[in-house]
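So the structure is just underneath, and the comments pick up after that.
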Amino acid sequence: MENKFIIPAETRIGHVHLKVSYLEASLNFYHKLLGFEIVQQIGDQAAFISAGGYHHHIGLNTWYSKDADSAPQRAPGLFHTAILMPTRKDLAIIYQRLMNHNYPLTGAADHGVSEAIYLDDPDKNGVEIYWDRPKEDWPKIEEGKIDMYTRRLDIHDLLSEL
């Protein structure tokens, strides 16, 4: 069935809401390590966090998942939450912060359109932290088609932003 409806170009993903097993561990990761601000916290059950005063970019709750094991890696569900940094330098800063805290990465890649680092939160939810290259610099296959790929991220070049 052909889809004739096209979602408006201004559409954005507003937030992600994650089930977590232990709220304090999640807040240590998202708030203390990554730097998101706590907008609201409901005891040890839920928290809403954001960047720049938005009502929330990430919701965290234990309503159905308190003390539960992480979801199996090879099962349907969230692959990762992608956190878009405003600049390449901001990506370098967060990368350096993670290294200073000996936080393990699961990957790092140059996708042509973006550069990204990958890690897991305390519940093994995947997290991508990335920046987008300017649209005019995206690699193209042909007019209107972009050439996204996965290549090794040059960490030394990224750190030269600092």
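By order in the structure tokens, chains are A, B, ...; within a chain, residues start at 1; ligands start at 1, following the order shown.
On the backbone of this structure, DSSP gives helix (DSSP H, G or I) within segment 6-125 of chain A to Leu23, Glu24, Ala25, Ser26, Leu27, Asn28, Phe29, Tyr30, His31, Lys32, Leu33, Arg88, Lys89, Asp90, Leu91, Ala92, Ile93, Ile94, Tyr95, Gln96, Arg97, Leu98, Met99 and Asn100 of chain A.
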As a ChimeraX atom specification, please: the residues near Thr150 of chain A (cut-off 8 Å, only C-alpha atoms, same-chain neighbours under 5 positions excluded). /A:109-112
Write the selection just made, keeping N, CA and C atoms, as a PDB file, in the first residue's frame?
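This is the output file out_0.pdb:
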ATOM      1  N   ALA A 109      31.486   5.940  15.938  1.00  0.00           N
ATOM      2  CA  ALA A 109      31.398   5.841  14.478  1.00  0.00           C
ATOM      3  C   ALA A 109      31.257   7.193  13.810  1.00  0.00           C
ATOM      4  N   ASP A 110      31.757   7.232  12.580  1.00  0.00           N
ATOM      5  CA  ASP A 110      31.522   8.344  11.666  1.00  0.00           C
ATOM      6  C   ASP A 110      30.496   7.829  10.666  1.00  0.00           C
ATOM      7  N   HIS A 111      29.332   8.478  10.615  1.00  0.00           N
ATOM      8  CA  HIS A 111      28.257   8.053   9.715  1.00  0.00           C
ATOM      9  C   HIS A 111      28.132   8.959   8.492  1.00  0.00           C
ATOM     10  N   GLY A 112      29.128   9.805   8.254  1.00  0.00           N
ATOM     11  CA  GLY A 112      29.056  10.718   7.116  1.00  0.00           C
ATOM     12  C   GLY A 112      28.214  11.931   7.429  1.00  0.00           C
TER      13      GLY A 112
END
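Look at Pro122 of chain A: the protein and nucleic acid residues within 8 Å of it, using only C-alpha atoms and passing over chain neighbours fewer than 5 places away, are Ala25, Ser26 and Phe29 of chain A.
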At most 10 Å is the cut-off: for each residue in segment 29-129 of chain A with any atom that close to an atom of segment 11-15 of chain A, write down the nearest atom pair and the distance in Å rounded to one decimal, counting only C-alpha atoms, chain first then increasing number, as a tab-separated table.
residue	atom	partner	partner_atom	distance
A:Phe48	CA	A:His15	CA	9.9
A:Ile49	CA	A:His15	CA	9.7
A:Ser50	CA	A:His15	CA	9.1
A:Tyr54	CA	A:Gly14	CA	9.6
A:His55	CA	A:His15	CA	9.4
A:His56	CA	A:His15	CA	6.6
A:His57	CA	A:His15	CA	4.3
A:Ile58	CA	A:His15	CA	5.5
A:Gly59	CA	A:His15	CA	7.5
A:Thr81	CA	A:His15	CA	9.6
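Atom pair atom CA of Asp154 of chain A / atom CA of Asn28 of chain A has a distance of 28.4 Å (rounded to one decimal).
Across A:Gln96, A:Thr87, A:Ser160, A:Asn102, the tightest approach to Ser114 of chain A is made by A:Thr87 when counting only C-alpha atoms.
Minimum atom-to-atom distance to Ile93 of chain A, evaluated using only C-alpha atoms, belongs to A:Glu161 out of A:Glu142, A:Glu161, A:Asp147, A:Asp67.
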As a PyMOL selection string, please: every residue in chain A that DSSP puts in strand (DSSP E or B). chain A and resi 16-19+37-42+46-50+58-61+81-84+107-110+114-120+126-132+140-142+145-146+151-152
Could you take the residues named above and write them with C-alpha atoms, as a PDB file, in the first residue's frame?
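Below is the file that was written, again-v4.pdb:
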ATOM      1  CA  VAL A  16      11.654   9.317  25.261  1.00  0.00           C
ATOM      2  CA  HIS A  17      10.290   7.649  28.383  1.00  0.00           C
ATOM      3  CA  LEU A  18      12.290   4.725  29.759  1.00  0.00           C
ATOM      4  CA  LYS A  19      11.368   1.989  32.199  1.00  0.00           C
ATOM      5  CA  GLU A  37      18.731  18.780  34.588  1.00  0.00           C
ATOM      6  CA  ILE A  38      16.051  17.275  36.824  1.00  0.00           C
ATOM      7  CA  VAL A  39      12.775  19.059  36.056  1.00  0.00           C
ATOM      8  CA  GLN A  40      10.626  16.960  38.366  1.00  0.00           C
ATOM      9  CA  GLN A  41      11.152  13.921  40.545  1.00  0.00           C
ATOM     10  CA  ILE A  42       8.443  11.740  42.064  1.00  0.00           C
ATOM     11  CA  ALA A  46      10.015   8.653  38.384  1.00  0.00           C
ATOM     12  CA  ALA A  47      11.968  11.649  37.164  1.00  0.00           C
ATOM     13  CA  PHE A  48      11.711  13.983  34.211  1.00  0.00           C
ATOM     14  CA  ILE A  49      14.975  15.437  32.914  1.00  0.00           C
ATOM     15  CA  SER A  50      15.877  17.938  30.234  1.00  0.00           C
ATOM     16  CA  ILE A  58      13.766  11.938  28.988  1.00  0.00           C
ATOM     17  CA  GLY A  59      11.297  10.399  31.405  1.00  0.00           C
ATOM     18  CA  LEU A  60      12.532   7.682  33.746  1.00  0.00           C
ATOM     19  CA  ASN A  61      10.193   5.499  35.779  1.00  0.00           C
ATOM     20  CA  THR A  81      18.046   6.777  22.534  1.00  0.00           C
ATOM     21  CA  ALA A  82      19.915   9.321  20.414  1.00  0.00           C
ATOM     22  CA  ILE A  83      21.051  12.525  22.108  1.00  0.00           C
ATOM     23  CA  LEU A  84      21.942  15.264  19.613  1.00  0.00           C
ATOM     24  CA  GLY A 107      31.160   1.955  19.988  1.00  0.00           C
ATOM     25  CA  ALA A 108      32.152   5.089  18.130  1.00  0.00           C
ATOM     26  CA  ALA A 109      31.398   5.841  14.478  1.00  0.00           C
ATOM     27  CA  ASP A 110      31.522   8.344  11.666  1.00  0.00           C
ATOM     28  CA  SER A 114      27.104  12.628  11.847  1.00  0.00           C
ATOM     29  CA  GLU A 115      29.721  11.471  14.327  1.00  0.00           C
ATOM     30  CA  ALA A 116      28.609   9.367  17.278  1.00  0.00           C
ATOM     31  CA  ILE A 117      29.643   7.584  20.426  1.00  0.00           C
ATOM     32  CA  TYR A 118      27.628   4.704  21.840  1.00  0.00           C
ATOM     33  CA  LEU A 119      27.196   3.430  25.386  1.00  0.00           C
ATOM     34  CA  ASP A 120      24.665   1.730  27.642  1.00  0.00           C
ATOM     35  CA  GLY A 126      21.507   1.867  24.358  1.00  0.00           C
ATOM     36  CA  VAL A 127      22.470   5.540  24.188  1.00  0.00           C
ATOM     37  CA  GLU A 128      23.902   7.309  21.153  1.00  0.00           C
ATOM     38  CA  ILE A 129      25.454  10.733  21.701  1.00  0.00           C
ATOM     39  CA  TYR A 130      26.167  12.487  18.425  1.00  0.00           C
ATOM     40  CA  TRP A 131      26.393  15.709  16.460  1.00  0.00           C
ATOM     41  CA  ASP A 132      25.150  16.290  12.926  1.00  0.00           C
ATOM     42  CA  LYS A 140      25.386  12.311  -1.387  1.00  0.00           C
ATOM     43  CA  ILE A 141      24.790   9.292  -3.618  1.00  0.00           C
ATOM     44  CA  GLU A 142      22.693  11.345  -6.030  1.00  0.00           C
ATOM     45  CA  LYS A 145      19.740  10.771  -1.626  1.00  0.00           C
ATOM     46  CA  ILE A 146      22.322  10.762   1.149  1.00  0.00           C
ATOM     47  CA  ARG A 151      33.287   4.112   9.565  1.00  0.00           C
ATOM     48  CA  ARG A 152      35.740   4.372  12.423  1.00  0.00           C
TER      49      ARG A 152
END
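If only C-alpha atoms are the atoms counted, then among A:Arg133, A:His156, A:Lys89, A:Lys66 the closest residue to Glu24 of chain A is A:Lys66.
With only C-alpha atoms as the atoms that count, the residue of A:Leu33, A:Leu27, A:Val20, A:Leu158 with the shortest distance to Ser70 of chain A is A:Val20.
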Selected residue of minimal separation from Leu78 of chain A among A:Met148, A:Asn3, A:Ala51, A:Asn125, counting only C-alpha atoms: A:Asn125
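Between atom CA of Leu159 of chain A and atom CA of Leu91 of chain A the interatomic distance comes to 9.0 Å.
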